[in-house]
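Containing PDB, C-alpha atoms, pLDDT in the B column: query.pdb.
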ATOM      1  CA  MET A   1     -13.718  -1.292  -1.431  1.00 94.00           C
ATOM      2  CA  LEU A   2     -12.652   2.379  -1.465  1.00 97.00           C
ATOM      3  CA  THR A   3     -14.262   5.572  -2.731  1.00 97.00           C
ATOM      4  CA  ILE A   4     -12.618   8.992  -2.481  1.00 97.00           C
ATOM      5  CA  GLU A   5     -14.921  11.931  -3.181  1.00 97.00           C
ATOM      6  CA  ASP A   6     -13.715  15.462  -3.968  1.00 97.00           C
ATOM      7  CA  LEU A   7     -10.840  15.228  -1.472  1.00 97.00           C
ATOM      8  CA  TYR A   8      -8.855  18.363  -0.608  1.00 97.00           C
ATOM      9  CA  VAL A   9      -5.970  18.020   1.851  1.00 97.00           C
ATOM     10  CA  LYS A  10      -3.625  20.545   3.426  1.00 97.00           C
ATOM     11  CA  VAL A  11      -0.273  19.817   5.060  1.00 96.00           C
ATOM     12  CA  GLY A  12       1.238  22.561   7.186  1.00 94.00           C
ATOM     13  CA  GLY A  13      -1.354  24.988   5.853  1.00 93.00           C
ATOM     14  CA  LYS A  14      -0.414  24.287   2.211  1.00 95.00           C
ATOM     15  CA  GLU A  15      -2.935  22.700  -0.115  1.00 96.00           C
ATOM     16  CA  ILE A  16      -1.454  19.440  -1.468  1.00 96.00           C
ATOM     17  CA  LEU A  17      -4.392  17.402  -2.794  1.00 96.00           C
ATOM     18  CA  LYS A  18      -6.989  19.173  -4.920  1.00 95.00           C
ATOM     19  CA  GLY A  19     -10.312  17.497  -5.609  1.00 94.00           C
ATOM     20  CA  ILE A  20      -9.244  13.835  -5.666  1.00 95.00           C
ATOM     21  CA  ASN A  21     -11.881  11.410  -6.925  1.00 96.00           C
ATOM     22  CA  LEU A  22     -10.943   7.739  -6.990  1.00 95.00           C
ATOM     23  CA  HIS A  23     -12.787   4.419  -6.862  1.00 95.00           C
ATOM     24  CA  ILE A  24     -11.130   1.057  -6.180  1.00 95.00           C
ATOM     25  CA  ASP A  25     -13.183  -2.106  -6.538  1.00 94.00           C
ATOM     26  CA  GLU A  26     -12.848  -5.220  -4.408  1.00 92.00           C
ATOM     27  CA  GLY A  27      -9.902  -7.279  -5.584  1.00 91.00           C
ATOM     28  CA  GLU A  28      -8.533  -4.449  -7.754  1.00 93.00           C
ATOM     29  CA  ASN A  29      -4.910  -3.334  -7.753  1.00 94.00           C
ATOM     30  CA  TYR A  30      -4.573   0.353  -8.571  1.00 95.00           C
ATOM     31  CA  ILE A  31      -1.202   1.870  -9.497  1.00 95.00           C
ATOM     32  CA  LEU A  32      -0.366   5.474  -8.614  1.00 95.00           C
ATOM     33  CA  PHE A  33       2.297   7.299 -10.622  1.00 93.00           C
ATOM     34  CA  GLY A  34       3.571  10.852 -10.233  1.00 90.00           C
ATOM     35  CA  PRO A  35       6.732  12.939  -9.857  1.00 90.00           C
ATOM     36  CA  ASN A  36       8.300  13.681  -6.483  1.00 88.00           C
ATOM     37  CA  GLY A  37       6.278  16.206  -4.495  1.00 89.00           C
ATOM     38  CA  SER A  38       3.044  15.596  -6.388  1.00 90.00           C
ATOM     39  CA  GLY A  39       1.126  14.378  -3.312  1.00 94.00           C
ATOM     40  CA  LYS A  40       1.265  10.586  -3.658  1.00 94.00           C
ATOM     41  CA  THR A  41       2.494   9.850  -0.130  1.00 95.00           C
ATOM     42  CA  THR A  42       0.153  12.542   1.202  1.00 96.00           C
ATOM     43  CA  LEU A  43      -2.762  10.643  -0.325  1.00 97.00           C
ATOM     44  CA  LEU A  44      -1.750   7.361   1.338  1.00 97.00           C
ATOM     45  CA  MET A  45      -1.075   9.015   4.705  1.00 96.00           C
ATOM     46  CA  THR A  46      -4.478  10.730   4.507  1.00 97.00           C
ATOM     47  CA  LEU A  47      -6.181   7.430   3.736  1.00 97.00           C
ATOM     48  CA  MET A  48      -4.470   5.932   6.787  1.00 96.00           C
ATOM     49  CA  GLY A  49      -5.611   8.882   8.917  1.00 96.00           C
ATOM     50  CA  PHE A  50      -2.340  10.314  10.221  1.00 95.00           C
ATOM     51  CA  ASP A  51      -2.122  13.633  12.040  1.00 94.00           C
ATOM     52  CA  GLY A  52      -0.928  16.616  10.036  1.00 95.00           C
ATOM     53  CA  TYR A  53      -2.874  15.663   6.919  1.00 96.00           C
ATOM     54  CA  ASP A  54      -5.893  17.923   7.207  1.00 96.00           C
ATOM     55  CA  VAL A  55      -8.953  17.051   5.154  1.00 97.00           C
ATOM     56  CA  VAL A  56     -10.601  20.380   4.384  1.00 96.00           C
ATOM     57  CA  GLN A  57     -13.183  19.001   1.963  1.00 96.00           C
ATOM     58  CA  GLY A  58     -14.421  15.655   0.676  1.00 97.00           C
ATOM     59  CA  ARG A  59     -14.985  12.144   2.002  1.00 97.00           C
ATOM     60  CA  ILE A  60     -13.206   8.786   2.231  1.00 98.00           C
ATOM     61  CA  ILE A  61     -15.543   5.798   2.116  1.00 97.00           C
ATOM     62  CA  PHE A  62     -14.194   2.336   2.990  1.00 97.00           C
ATOM     63  CA  LYS A  63     -16.518  -0.647   2.549  1.00 95.00           C
ATOM     64  CA  GLY A  64     -19.487   1.706   2.638  1.00 94.00           C
ATOM     65  CA  GLU A  65     -18.401   3.458   5.863  1.00 96.00           C
ATOM     66  CA  ASP A  66     -17.296   7.087   6.073  1.00 97.00           C
ATOM     67  CA  ILE A  67     -13.811   6.975   7.653  1.00 97.00           C
ATOM     68  CA  THR A  68     -12.761  10.539   6.826  1.00 96.00           C
ATOM     69  CA  HIS A  69     -12.222  11.599  10.427  1.00 95.00           C
ATOM     70  CA  ILE A  70     -11.575   8.394  12.365  1.00 96.00           C
ATOM     71  CA  PRO A  71      -8.087   7.670  13.818  1.00 96.00           C
ATOM     72  CA  PRO A  72      -5.528   5.323  12.213  1.00 95.00           C
ATOM     73  CA  PHE A  73      -5.991   2.460  14.687  1.00 94.00           C
ATOM     74  CA  GLU A  74      -9.699   2.258  13.866  1.00 95.00           C
ATOM     75  CA  ARG A  75      -8.911   2.196  10.134  1.00 96.00           C
ATOM     76  CA  ALA A  76      -6.433  -0.616  10.758  1.00 94.00           C
ATOM     77  CA  ARG A  77      -9.070  -2.579  12.663  1.00 93.00           C
ATOM     78  CA  LEU A  78     -11.513  -2.073   9.806  1.00 94.00           C
ATOM     79  CA  GLY A  79      -8.973  -3.639   7.447  1.00 94.00           C
ATOM     80  CA  ILE A  80      -6.603  -1.001   6.025  1.00 96.00           C
ATOM     81  CA  GLY A  81      -2.872  -1.702   6.125  1.00 95.00           C
ATOM     82  CA  MET A  82       0.108   0.289   4.900  1.00 95.00           C
ATOM     83  CA  SER A  83       3.713  -0.345   3.939  1.00 93.00           C
ATOM     84  CA  PHE A  84       5.691   2.865   4.387  1.00 91.00           C
ATOM     85  CA  GLN A  85       8.466   4.129   2.175  1.00 85.00           C
ATOM     86  CA  ARG A  86      10.453   5.302   5.211  1.00 85.00           C
ATOM     87  CA  PRO A  87       9.023   3.710   8.368  1.00 89.00           C
ATOM     88  CA  PRO A  88      10.417   4.890  11.716  1.00 90.00           C
ATOM     89  CA  THR A  89      12.839   3.064  13.975  1.00 93.00           C
ATOM     90  CA  ILE A  90      11.103   2.077  17.233  1.00 93.00           C
ATOM     91  CA  GLN A  91      13.546   1.464  20.056  1.00 94.00           C
ATOM     92  CA  GLY A  92      12.443  -0.950  22.781  1.00 95.00           C
ATOM     93  CA  LEU A  93       9.843  -2.806  20.697  1.00 95.00           C
ATOM     94  CA  LYS A  94      10.943  -6.119  19.204  1.00 96.00           C
ATOM     95  CA  THR A  95       9.864  -6.920  15.680  1.00 95.00           C
ATOM     96  CA  ARG A  96       8.404 -10.224  16.880  1.00 96.00           C
ATOM     97  CA  ASP A  97       6.109  -8.366  19.295  1.00 96.00           C
ATOM     98  CA  MET A  98       5.105  -5.887  16.610  1.00 95.00           C
ATOM     99  CA  VAL A  99       4.089  -8.722  14.284  1.00 95.00           C
ATOM    100  CA  ARG A 100       1.924 -10.196  17.051  1.00 94.00           C
ATOM    101  CA  LEU A 101       0.311  -6.784  17.600  1.00 93.00           C
ATOM    102  CA  CYS A 102      -0.441  -6.515  13.881  1.00 93.00           C
ATOM    103  CA  ALA A 103      -2.178  -9.895  13.970  1.00 92.00           C
ATOM    104  CA  GLY A 104      -4.681  -8.651  16.568  1.00 89.00           C
ATOM    105  CA  ASP A 105      -6.879 -11.548  17.644  1.00 87.00           C
ATOM    106  CA  LYS A 106      -5.838 -13.709  14.658  1.00 88.00           C
ATOM    107  CA  GLU A 107      -3.633 -16.704  15.343  1.00 89.00           C
ATOM    108  CA  VAL A 108      -0.330 -16.475  13.485  1.00 90.00           C
ATOM    109  CA  ASP A 109       2.893 -18.455  13.485  1.00 93.00           C
ATOM    110  CA  VAL A 110       5.381 -15.589  13.586  1.00 94.00           C
ATOM    111  CA  ASP A 111       8.397 -17.802  12.899  1.00 94.00           C
ATOM    112  CA  GLN A 112       6.789 -19.395   9.864  1.00 93.00           C
ATOM    113  CA  LEU A 113       5.790 -16.018   8.422  1.00 93.00           C
ATOM    114  CA  ALA A 114       9.301 -14.693   9.070  1.00 94.00           C
ATOM    115  CA  GLN A 115      10.773 -17.653   7.245  1.00 93.00           C
ATOM    116  CA  GLU A 116       8.698 -16.804   4.164  1.00 91.00           C
ATOM    117  CA  VAL A 117      10.293 -13.334   3.976  1.00 90.00           C
ATOM    118  CA  ASN A 118      13.785 -14.446   5.041  1.00 90.00           C
ATOM    119  CA  PHE A 119      13.491 -12.528   8.312  1.00 92.00           C
ATOM    120  CA  THR A 120      13.998 -15.152  11.036  1.00 91.00           C
ATOM    121  CA  GLY A 121      17.301 -13.781  12.279  1.00 91.00           C
ATOM    122  CA  LEU A 122      15.892 -10.287  12.794  1.00 93.00           C
ATOM    123  CA  LEU A 123      12.771 -10.957  14.881  1.00 95.00           C
ATOM    124  CA  GLU A 124      14.479 -10.157  18.184  1.00 95.00           C
ATOM    125  CA  ARG A 125      15.823  -6.823  16.914  1.00 95.00           C
ATOM    126  CA  ASP A 126      14.094  -3.519  17.659  1.00 95.00           C
ATOM    127  CA  ILE A 127      11.912  -2.427  14.781  1.00 93.00           C
ATOM    128  CA  ASN A 128      14.049  -1.155  11.870  1.00 93.00           C
ATOM    129  CA  ALA A 129      17.054  -0.552  14.167  1.00 92.00           C
ATOM    130  CA  GLY A 130      20.078  -0.785  11.865  1.00 90.00           C
ATOM    131  CA  PHE A 131      18.055  -2.506   9.139  1.00 91.00           C
ATOM    132  CA  SER A 132      19.077  -2.214   5.491  1.00 87.00           C
ATOM    133  CA  GLY A 133      16.572  -0.981   2.909  1.00 84.00           C
ATOM    134  CA  GLY A 134      15.663  -4.535   1.925  1.00 85.00           C
ATOM    135  CA  GLU A 135      15.303  -5.626   5.563  1.00 89.00           C
ATOM    136  CA  ILE A 136      12.971  -2.708   6.280  1.00 91.00           C
ATOM    137  CA  LYS A 137      10.769  -3.696   3.336  1.00 89.00           C
ATOM    138  CA  ARG A 138      10.683  -7.316   4.471  1.00 90.00           C
ATOM    139  CA  SER A 139       9.747  -6.197   7.987  1.00 93.00           C
ATOM    140  CA  GLU A 140       6.885  -4.132   6.581  1.00 93.00           C
ATOM    141  CA  LEU A 141       5.643  -7.081   4.518  1.00 93.00           C
ATOM    142  CA  LEU A 142       5.877  -9.390   7.525  1.00 94.00           C
ATOM    143  CA  GLN A 143       3.631  -7.064   9.529  1.00 95.00           C
ATOM    144  CA  LEU A 144       1.097  -6.906   6.684  1.00 94.00           C
ATOM    145  CA  MET A 145       1.100 -10.699   6.382  1.00 93.00           C
ATOM    146  CA  ALA A 146       0.143 -10.907  10.055  1.00 93.00           C
ATOM    147  CA  GLN A 147      -2.495  -8.159   9.797  1.00 93.00           C
ATOM    148  CA  ARG A 148      -4.191  -9.507   6.636  1.00 92.00           C
ATOM    149  CA  PRO A 149      -5.862  -6.215   5.628  1.00 94.00           C
ATOM    150  CA  SER A 150      -8.587  -5.890   3.003  1.00 94.00           C
ATOM    151  CA  LEU A 151      -7.023  -2.755   1.505  1.00 96.00           C
ATOM    152  CA  VAL A 152      -3.227  -2.510   1.310  1.00 96.00           C
ATOM    153  CA  LEU A 153      -1.442   0.791   0.683  1.00 96.00           C
ATOM    154  CA  PHE A 154       2.104   0.376  -0.674  1.00 94.00           C
ATOM    155  CA  ASP A 155       4.366   3.438  -0.794  1.00 93.00           C
ATOM    156  CA  GLU A 156       7.070   2.520  -3.315  1.00 88.00           C
ATOM    157  CA  PRO A 157       7.663  -1.148  -2.463  1.00 86.00           C
ATOM    158  CA  GLU A 158      10.782  -1.141  -4.684  1.00 81.00           C
ATOM    159  CA  SER A 159      12.428   1.804  -2.885  1.00 77.00           C
ATOM    160  CA  GLY A 160      15.792   0.900  -1.325  1.00 73.00           C
ATOM    161  CA  VAL A 161      15.602  -2.698  -2.549  1.00 75.00           C
ATOM    162  CA  ASP A 162      18.473  -4.228  -4.528  1.00 76.00           C
ATOM    163  CA  LEU A 163      17.845  -6.502  -7.505  1.00 76.00           C
ATOM    164  CA  GLU A 164      18.530  -9.645  -5.476  1.00 75.00           C
ATOM    165  CA  ASN A 165      15.806  -8.745  -2.954  1.00 80.00           C
ATOM    166  CA  MET A 166      13.353  -7.418  -5.553  1.00 86.00           C
ATOM    167  CA  SER A 167      12.192 -10.884  -6.550  1.00 86.00           C
ATOM    168  CA  LEU A 168      11.365 -11.778  -2.934  1.00 87.00           C
ATOM    169  CA  ILE A 169       9.661  -8.428  -2.282  1.00 88.00           C
ATOM    170  CA  GLY A 170       7.626  -8.783  -5.458  1.00 90.00           C
ATOM    171  CA  ARG A 171       6.584 -12.353  -4.710  1.00 89.00           C
ATOM    172  CA  ILE A 172       5.471 -11.569  -1.140  1.00 90.00           C
ATOM    173  CA  THR A 173       3.665  -8.413  -2.269  1.00 91.00           C
ATOM    174  CA  ARG A 174       1.754 -10.510  -4.781  1.00 91.00           C
ATOM    175  CA  SER A 175       0.885 -13.115  -2.141  1.00 89.00           C
ATOM    176  CA  ILE A 176      -0.461 -10.406   0.195  1.00 91.00           C
ATOM    177  CA  LEU A 177      -2.633  -8.954  -2.573  1.00 90.00           C
ATOM    178  CA  ASP A 178      -3.828 -12.373  -3.733  1.00 84.00           C
ATOM    179  CA  GLY A 179      -4.931 -13.138  -0.167  1.00 65.00           C
ATOM    180  CA  PRO A 180      -4.281 -16.084   2.144  1.00 52.00           C
ATOM    181  CA  LEU A 181      -5.749 -19.147   0.496  1.00 45.00           C
ATOM    182  CA  GLU A 182      -5.723 -21.648   3.337  1.00 50.00           C
ATOM    183  CA  PRO A 183      -7.563 -24.919   2.655  1.00 44.00           C
ATOM    184  CA  ARG A 184     -11.029 -25.123   4.208  1.00 41.00           C
ATOM    185  CA  ASN A 185     -13.337 -28.110   4.401  1.00 45.00           C
ATOM    186  CA  GLY A 186     -15.888 -28.026   1.604  1.00 48.00           C
ATOM    187  CA  VAL A 187     -14.561 -24.782   0.055  1.00 45.00           C
ATOM    188  CA  SER A 188     -13.027 -24.876  -3.426  1.00 46.00           C
ATOM    189  CA  MET A 189     -10.066 -22.762  -4.547  1.00 43.00           C
ATOM    190  CA  LYS A 190     -12.422 -20.759  -6.786  1.00 47.00           C
ATOM    191  CA  GLU A 191     -14.655 -19.980  -3.810  1.00 47.00           C
ATOM    192  CA  LEU A 192     -11.620 -19.036  -1.700  1.00 47.00           C
ATOM    193  CA  LYS A 193     -10.513 -16.520  -4.323  1.00 46.00           C
ATOM    194  CA  SER A 194     -13.958 -14.913  -4.221  1.00 50.00           C
ATOM    195  CA  ILE A 195     -13.836 -14.740  -0.411  1.00 50.00           C
ATOM    196  CA  HIS A 196     -10.459 -12.990  -0.227  1.00 57.00           C
ATOM    197  CA  GLN A 197     -11.157  -9.837  -2.227  1.00 81.00           C
ATOM    198  CA  ILE A 198      -8.093  -7.814  -1.291  1.00 91.00           C
ATOM    199  CA  SER A 199      -7.424  -4.481  -3.006  1.00 94.00           C
ATOM    200  CA  GLY A 200      -4.192  -2.546  -3.358  1.00 95.00           C
ATOM    201  CA  LEU A 201      -3.191   1.066  -3.974  1.00 96.00           C
ATOM    202  CA  ILE A 202       0.459   1.039  -4.969  1.00 95.00           C
ATOM    203  CA  ILE A 203       2.829   3.949  -5.564  1.00 94.00           C
ATOM    204  CA  THR A 204       5.671   3.205  -7.961  1.00 91.00           C
ATOM    205  CA  HIS A 205       8.352   5.260  -9.705  1.00 85.00           C
ATOM    206  CA  THR A 206      10.286   2.510 -11.446  1.00 85.00           C
ATOM    207  CA  GLY A 207       7.454   0.163 -12.353  1.00 86.00           C
ATOM    208  CA  TYR A 208       9.457  -2.895 -11.245  1.00 88.00           C
ATOM    209  CA  ILE A 209       6.564  -4.056  -9.081  1.00 90.00           C
ATOM    210  CA  LEU A 210       4.424  -4.456 -12.219  1.00 91.00           C
ATOM    211  CA  ASP A 211       6.517  -7.515 -13.101  1.00 90.00           C
ATOM    212  CA  TYR A 212       5.143  -9.309 -10.034  1.00 90.00           C
ATOM    213  CA  ILE A 213       1.545  -8.215  -9.440  1.00 89.00           C
ATOM    214  CA  ASN A 214      -1.639  -8.078 -11.475  1.00 87.00           C
ATOM    215  CA  ALA A 215      -2.163  -4.348 -11.980  1.00 90.00           C
ATOM    216  CA  ASP A 216      -5.681  -3.469 -13.132  1.00 90.00           C
ATOM    217  CA  ARG A 217      -5.690   0.315 -13.518  1.00 93.00           C
ATOM    218  CA  GLY A 218      -3.287   3.196 -13.128  1.00 93.00           C
ATOM    219  CA  THR A 219      -3.472   6.942 -12.700  1.00 92.00           C
ATOM    220  CA  VAL A 220      -1.108   9.913 -12.567  1.00 92.00           C
ATOM    221  CA  LEU A 221      -1.088  12.356  -9.674  1.00 93.00           C
ATOM    222  CA  TYR A 222       0.406  15.623 -10.913  1.00 90.00           C
ATOM    223  CA  GLU A 223       0.570  18.792  -8.803  1.00 90.00           C
ATOM    224  CA  GLY A 224      -2.104  17.420  -6.472  1.00 92.00           C
ATOM    225  CA  VAL A 225      -4.570  16.504  -9.219  1.00 91.00           C
ATOM    226  CA  LEU A 226      -5.399  13.100 -10.715  1.00 90.00           C
ATOM    227  CA  CYS A 227      -4.875  13.575 -14.430  1.00 85.00           C
ATOM    228  CA  CYS A 228      -5.758  10.354 -16.190  1.00 82.00           C
ATOM    229  CA  ILE A 229      -6.786   6.727 -15.819  1.00 86.00           C
ATOM    230  CA  ALA A 230      -5.270   4.118 -18.125  1.00 87.00           C
ATOM    231  CA  ARG A 231      -3.527   0.776 -18.216  1.00 92.00           C
ATOM    232  CA  PRO A 232      -0.515   0.949 -15.853  1.00 93.00           C
ATOM    233  CA  ARG A 233       2.031  -0.204 -18.425  1.00 92.00           C
ATOM    234  CA  ASP A 234       0.719   2.294 -20.984  1.00 90.00           C
ATOM    235  CA  ILE A 235       1.196   5.098 -18.454  1.00 90.00           C
ATOM    236  CA  LEU A 236       4.689   3.876 -17.557  1.00 90.00           C
ATOM    237  CA  GLU A 237       5.644   3.737 -21.226  1.00 90.00           C
ATOM    238  CA  HIS A 238       4.453   7.329 -21.828  1.00 87.00           C
ATOM    239  CA  ILE A 239       6.318   8.574 -18.755  1.00 88.00           C
ATOM    240  CA  SER A 240       9.504   6.807 -19.838  1.00 87.00           C
ATOM    241  CA  LYS A 241       9.352   8.289 -23.337  1.00 87.00           C
ATOM    242  CA  TYR A 242       7.964  11.766 -22.765  1.00 85.00           C
ATOM    243  CA  GLY A 243       8.101  12.627 -19.059  1.00 85.00           C
ATOM    244  CA  TYR A 244       5.203  13.480 -16.774  1.00 83.00           C
ATOM    245  CA  LYS A 245       4.091  16.764 -18.355  1.00 78.00           C
ATOM    246  CA  GLU A 246       3.692  15.291 -21.821  1.00 75.00           C
ATOM    247  CA  CYS A 247       2.197  12.120 -20.376  1.00 69.00           C
ATOM    248  CA  VAL A 248      -0.496  14.104 -18.578  1.00 68.00           C
ATOM    249  CA  ARG A 249      -1.266  16.152 -21.710  1.00 71.00           C
ATOM    250  CA  CYS A 250      -1.438  13.075 -23.952  1.00 62.00           C
ATOM    251  CA  LEU A 251      -3.348  10.653 -21.743  1.00 53.00           C
ATOM    252  CA  SER A 252      -5.800  13.294 -20.542  1.00 52.00           C
TER     253      SER A 252
END
Would you give me this structure, written as structure tokens?
Amino acid sequence: MLTIEDLYVKVGGKEILKGINLHIDEGENYILFGPNGSGKTTLLMTLMGFDGYDVVQGRIIFKGEDITHIPPFERARLGIGMSFQRPPTIQGLKTRDMVRLCAGDKEVDVDQLAQEVNFTGLLERDINAGFSGGEIKRSELLQLMAQRPSLVLFDEPESGVDLENMSLIGRITRSILDGPLEPRNGVSMKELKSIHQISGLIITHTGYILDYINADRGTVLYEGVLCCIARPRDILEHISKYGYKECVRCLS
């Protein structure tokens, strides 16, 4: 699904990512840990192709295609979606219209999708205008549900979400990563699961999201360098006990 080769990235002239190599298989959920300022969000923003994240070396390969220098809208059309930690407020654009835009040429029932994320009463509001942290996350998930990407980038899905909303956020996140399993004539559930090979790259600080999704592998990004690959819960346990520096030394 995704291969990152020897990726170096500068932001504002400062080198943030230093020789990133990462491979995510189809259907794999990859967890990204790291302290604040280590480059985690920079990695996701670079993968999505935003301005200001300058690739000075390396390649990003998505489904066999080099996407290193193509714009964000083309990456979205190819099947990459992202849930932001702090998405912008967009005045003058209704959330309902944004969800339709995310769907592209796919037919979606916006009201039904909104009902699934408890968002029906907010569809006519401008995007993120006056939304709480939980409402912003639900809006982001609603847009991803309409887009149906093959690779989903989650920047701290638990951020700003209270415990009451966490269960809903976790359940919808899992459903997005598991893929839409609509019944089809002559196609079994097993075959459907093989068709919808959706991958995820998920940043987490708290690890709460691990209670809701199937996390296959994890890695630590420390000072712009990927330091280890291990089981996500093993990494989280080391971080909780010893902190990032000792975790990196031990797991490396």
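The nearest approach to A:Asn128 among the residues A:Ile67, A:Leu93, A:Leu32, A:Ala146, with all atoms listed in the file taken into account, belongs to A:Leu93.
Rounded to one decimal, atom CA of A:Glu28 and atom CA of A:Gly49 lie 21.5 Å from each other.
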Output the residue selection produced by the PyMOL selection byres ((chain A and resi 149-157) around 8) on the file above, formatted as a JSON list (two decimals) with C-alpha atoms, keeping the file's coordinate frame.
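result.json, written as the output of this step:
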[["chain", "number", "residue", "atom", "x", "y", "z"],
["A", 1, "MET", "CA", -13.72, -1.29, -1.43],
["A", 41, "THR", "CA", 2.49, 9.85, -0.13],
["A", 44, "LEU", "CA", -1.75, 7.36, 1.34],
["A", 76, "ALA", "CA", -6.43, -0.62, 10.76],
["A", 79, "GLY", "CA", -8.97, -3.64, 7.45],
["A", 80, "ILE", "CA", -6.60, -1.00, 6.02],
["A", 81, "GLY", "CA", -2.87, -1.70, 6.12],
["A", 82, "MET", "CA", 0.11, 0.29, 4.90],
["A", 83, "SER", "CA", 3.71, -0.34, 3.94],
["A", 84, "PHE", "CA", 5.69, 2.86, 4.39],
["A", 85, "GLN", "CA", 8.47, 4.13, 2.17],
["A", 137, "LYS", "CA", 10.77, -3.70, 3.34],
["A", 144, "LEU", "CA", 1.10, -6.91, 6.68],
["A", 147, "GLN", "CA", -2.50, -8.16, 9.80],
["A", 148, "ARG", "CA", -4.19, -9.51, 6.64],
["A", 158, "GLU", "CA", 10.78, -1.14, -4.68],
["A", 159, "SER", "CA", 12.43, 1.80, -2.88],
["A", 169, "ILE", "CA", 9.66, -8.43, -2.28],
["A", 177, "LEU", "CA", -2.63, -8.95, -2.57],
["A", 197, "GLN", "CA", -11.16, -9.84, -2.23],
["A", 198, "ILE", "CA", -8.09, -7.81, -1.29],
["A", 199, "SER", "CA", -7.42, -4.48, -3.01],
["A", 200, "GLY", "CA", -4.19, -2.55, -3.36],
["A", 201, "LEU", "CA", -3.19, 1.07, -3.97],
["A", 202, "ILE", "CA", 0.46, 1.04, -4.97],
["A", 203, "ILE", "CA", 2.83, 3.95, -5.56],
["A", 204, "THR", "CA", 5.67, 3.20, -7.96],
["A", 205, "HIS", "CA", 8.35, 5.26, -9.70],
["A", 209, "ILE", "CA", 6.56, -4.06, -9.08]]
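Here atom CA of A:Leu7 is placed at a distance of 22.2 Å from atom CA of A:Tyr244.
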**Request:** Please write the residues picked by the PyMOL selection byres ((chain A and resi 239) around 12) on this file as number ranges by chain.
**Result:** A: 33-35, 205-207, 219-220, 232-238, 240-251
**Request:** Specify as number ranges by chain each residue included when the PyMOL selection byres ((chain A and resi 224) around 12) is applied to this file.
**Result:** A: 7-11, 14-21, 33-43, 220-223, 225-227
Please write the residues from the selection above to a file, keeping C-alpha atoms, as a CSV table (one decimal), in the coordinates of the input.
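So part12.csv came out as:
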chain,number,residue,atom,x,y,z
A,7,LEU,CA,-10.8,15.2,-1.5
A,8,TYR,CA,-8.9,18.4,-0.6
A,9,VAL,CA,-6.0,18.0,1.9
A,10,LYS,CA,-3.6,20.5,3.4
A,11,VAL,CA,-0.3,19.8,5.1
A,14,LYS,CA,-0.4,24.3,2.2
A,15,GLU,CA,-2.9,22.7,-0.1
A,16,ILE,CA,-1.5,19.4,-1.5
A,17,LEU,CA,-4.4,17.4,-2.8
A,18,LYS,CA,-7.0,19.2,-4.9
A,19,GLY,CA,-10.3,17.5,-5.6
A,20,ILE,CA,-9.2,13.8,-5.7
A,21,ASN,CA,-11.9,11.4,-6.9
A,33,PHE,CA,2.3,7.3,-10.6
A,34,GLY,CA,3.6,10.9,-10.2
A,35,PRO,CA,6.7,12.9,-9.9
A,36,ASN,CA,8.3,13.7,-6.5
A,37,GLY,CA,6.3,16.2,-4.5
A,38,SER,CA,3.0,15.6,-6.4
A,39,GLY,CA,1.1,14.4,-3.3
A,40,LYS,CA,1.3,10.6,-3.7
A,41,THR,CA,2.5,9.8,-0.1
A,42,THR,CA,0.2,12.5,1.2
A,43,LEU,CA,-2.8,10.6,-0.3
A,220,VAL,CA,-1.1,9.9,-12.6
A,221,LEU,CA,-1.1,12.4,-9.7
A,222,TYR,CA,0.4,15.6,-10.9
A,223,GLU,CA,0.6,18.8,-8.8
A,225,VAL,CA,-4.6,16.5,-9.2
A,226,LEU,CA,-5.4,13.1,-10.7
A,227,CYS,CA,-4.9,13.6,-14.4
Residues within 7 Å of stretch 211-216 of chain A, only C-alpha atoms, excluding chain neighbours under 5 positions, as a compact mmCIF listing (two decimals) with C-alpha atoms, in the coordinates of the input:
# COMPACT_ATOMS: atom_id res chain seq x y z
CA GLU A 28 -8.53 -4.45 -7.75
CA ASN A 29 -4.91 -3.33 -7.75
CA TYR A 30 -4.57 0.35 -8.57
CA ILE A 31 -1.20 1.87 -9.50
CA GLY A 170 7.63 -8.78 -5.46
CA ARG A 171 6.58 -12.35 -4.71
CA ARG A 174 1.75 -10.51 -4.78
CA ARG A 231 -3.53 0.78 -18.22
CA PRO A 232 -0.52 0.95 -15.85
Edge lengths and centre, in Å to one decimal, as JSON: that's what I need for the box along x, y and z that holds all listed atoms of stretch 31-49 of chain A plus 8 Å on each side.
{"center_x": 1.1, "center_y": 9.0, "center_z": -0.9, "size_x": 30.5, "size_y": 30.3, "size_z": 35.5}
**Item:** Nearest candidate to A:Ile136 (options A:Ser167, A:Ser175, A:Thr120, A:Thr89; using only C-alpha atoms)
**Value:** A:Thr89
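Proximity to A:Lys94 was assessed for A:Arg125, A:Arg59, A:Lys106, A:His23 counting only C-alpha atoms; the smallest distance is recorded for A:Arg125.
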**Request:** Can you work out the spacing between atom CA of A:Gly92 and atom CA of A:Ile176 in Å, to one decimal?
**Result:** 27.7 Å
**Top pick for closest residue to A:Ile60, considering A:Gln91, A:Cys102, A:Arg86, A:Leu2 and counting all atoms listed in the file** = A:Leu2
With N, CA and C atoms as the goal, would you fill in the gaps in stretch 54-58 of chain A and present it as a PDB file, keeping the file's coordinate frame?
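The result, stored in rebuild11.pdb:
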ATOM      1  N   ASP A  54      -4.598  17.340   6.857  1.00 96.00           N
ATOM      2  CA  ASP A  54      -5.893  17.923   7.207  1.00 96.00           C
ATOM      3  C   ASP A  54      -6.858  17.882   6.022  1.00 96.00           C
ATOM      4  N   VAL A  55      -7.910  17.102   6.183  1.00 97.00           N
ATOM      5  CA  VAL A  55      -8.953  17.051   5.154  1.00 97.00           C
ATOM      6  C   VAL A  55      -9.834  18.278   5.312  1.00 97.00           C
ATOM      7  N   VAL A  56      -9.811  19.153   4.324  1.00 96.00           N
ATOM      8  CA  VAL A  56     -10.601  20.380   4.384  1.00 96.00           C
ATOM      9  C   VAL A  56     -11.900  20.262   3.583  1.00 96.00           C
ATOM     10  N   GLN A  57     -11.966  19.228   2.747  1.00 96.00           N
ATOM     11  CA  GLN A  57     -13.183  19.001   1.963  1.00 96.00           C
ATOM     12  C   GLN A  57     -13.150  17.580   1.433  1.00 96.00           C
ATOM     13  N   GLY A  58     -14.329  16.972   1.281  1.00 97.00           N
ATOM     14  CA  GLY A  58     -14.421  15.655   0.676  1.00 97.00           C
ATOM     15  C   GLY A  58     -14.602  14.536   1.689  1.00 97.00           C
TER      16      GLY A  58
END
